[in-house]
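Written below as structure tokens is the structure these notes are about.
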Amino acid sequence: MAQTLSGKTVAALATDGVEQVELIKPVQALKDAGAMVHVVSLKSGQIQGFNHLTPGDRIPVDRALSETDAAVYDALLLPGGVANPDQLRGEEEAVSFVRAFFDAGKPVAAICHAPWLLVEAGVADGRTMTGYHTIRTDLKNAGATVVDEEVVVDDGLVTSRNPDDIPAFCAKMIEEFAEGRHRGQSEAAAESPRPAAN
């Protein structure tokens with residue numbers, strides 16, 4: 001694979017309960033494309049991956065959220081799993097981290113249940129996206145146009161539905177991350193009200 005992401009640093013935001021394959025495979029694809037990737041989490045050490053409802057591997061964390069900043073990254077990967085984004089969206093620091101990428105116009109890729117974080121960050125309104133079938137009503141209620149496709153690209157925002165979509169998700173993620181900042185990301189974020197603090 002061409003080193004299209006050489007020189008770029010990507011944050012992969014995840015915590016316990018992450019759908020393991022939705023973190024490991026996209027991270028490997030990013031590294032294969034030349035990116036430096038940091039697994040960022042609520043805590044240092046390791047997080048517990050899952051294969052649907054079955055515990056999987058312990059995954060090393062590269063940076064605790066409290067020790068880093070969205071400004072040092074060029075793009076953001078948000079893997080799914082039910083528990084992972086549900087925990088993250090309850091943490092103001094994680095929600096602010098996600099929002100910062102949109103405010104700066106940086107590309108973001110979210111798969112499965114991860115778009116819940118986009119709802120919480122107040123950046124789903126007016127965007128076209130997809131997600132796991134059980135969260136599509138949440139996305140619609142947040143003002144998104146929701147479609148049932150393996151991968152959807154909307155001006156720097158890449159979304160997919162489930163692990164079966166990972167090959168298409170990774171291909172579009174790398175393409176959008178290589179393009180860099182998207183004005184549409186920051187414009188959409190500017191038009192969205194900031195979520196109220198918990």
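By convention in this document, the chains of the structure tokens carry letters A, B, ... by their order, each chain's residues are numbered from 1, and ligands are numbered from 1 in the order they are shown.
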query: Using the chain letters and numbers from this document, which residues of segment 89-154 of chain A does DSSP assign to strand (DSSP E), as a count of residues only?
result: 12
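Excluding Asp155 of chain A and any residue on its chain fewer than 5 positions from it, the residues at most 7 Å away by only C-alpha atoms are His182, Gly184 and Gln185 of chain A.
Of the listed residues (A:Leu65, A:Val158, A:Val18, A:Ala109), A:Val18 comes nearest to Asp86 of chain A; the distances count only C-alpha atoms.
Using only C-alpha atoms for every distance, the candidate list A:Asp148, A:Asp57, A:Asp103, A:Asp74 yields A:Asp103 as the residue closest to Glu187 of chain A.
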- prompt: Counting only C-alpha atoms, what is within 9 Å of Val40 of chain A, bar same-chain residues fewer than 2 positions away, as a ChimeraX atom specification?
  reply: /A:11-15,38,42-44,61-65,68
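Closest approach to Leu76 of chain A among A:Arg136, A:Arg58, A:Lys106, A:Arg183: A:Lys106, based on only C-alpha atoms.
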message: I need the residues in segment 33-194 of chain A that are helix (DSSP H, G or I) according to DSSP; give them as a PyMOL selection string.
response: chain A and resi 65-67+70-72+83-88+92-103+115-120+133-141+163-179+183-191
With only C-alpha atoms counted and 10 Å as the cut-off, give the residues of segment 118-171 of chain A in contact with segment 97-102 of chain A, each with its shortest interatomic distance in Å and the pair that gives it, as CSV.
```
residue,atom,partner,partner_atom,distance
A:Leu118,CA,A:Val98,CA,7.5
A:Glu120,CA,A:Arg99,CA,9.1
A:Ala121,CA,A:Arg99,CA,5.4
A:Gly122,CA,A:Arg99,CA,7.6
A:Val123,CA,A:Arg99,CA,7.3
A:Gly156,CA,A:Phe102,CA,9.2
A:Leu157,CA,A:Phe102,CA,9.1
```
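Considering the residues A:Val146, A:Val39, A:Leu5, A:Val10 and counting only C-alpha atoms, Ile59 of chain A has its shortest atom-to-atom contact with A:Val39.
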Polymer residues at most 9 Å from segment 164-167 of chain A, only C-alpha atoms, same-chain spacing of 2 or more positions, as a PyMOL selection string: chain A and resi 21-22+25-26+111+149-151+160-162+169-172
message: Please report the interatomic distance between atom CA of Glu191 of chain A and atom CA of Ile135 of chain A in Å with one decimal.
response: 22.9 Å
message: Measuring between only C-alpha atoms, which one of A:Arg127, A:Glu91, A:Glu179, A:Asn51 shows the shortest distance to Pro163 of chain A?
response: A:Asn51
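Considering only C-alpha atoms, the residue among A:Asn141, A:Ser186, A:Asn84, A:Thr128 positioned nearest to Cys112 of chain A is A:Asn84.
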task: Excluding Val119 of chain A and residues on its chain fewer than 2 positions from it, collect all residues at most 9 Å away from it, counting only C-alpha atoms, and give them as a list in words.
output: Arg89, Pro115, Trp116, Leu117, Ala121, Gly122, Val123, Ala124, Asp125, Asp138, Leu139, Ala142 and Gly143 of chain A
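Between atom CA of Glu67 of chain A and atom CA of Ala33 of chain A there is a distance of 25.9 Å.
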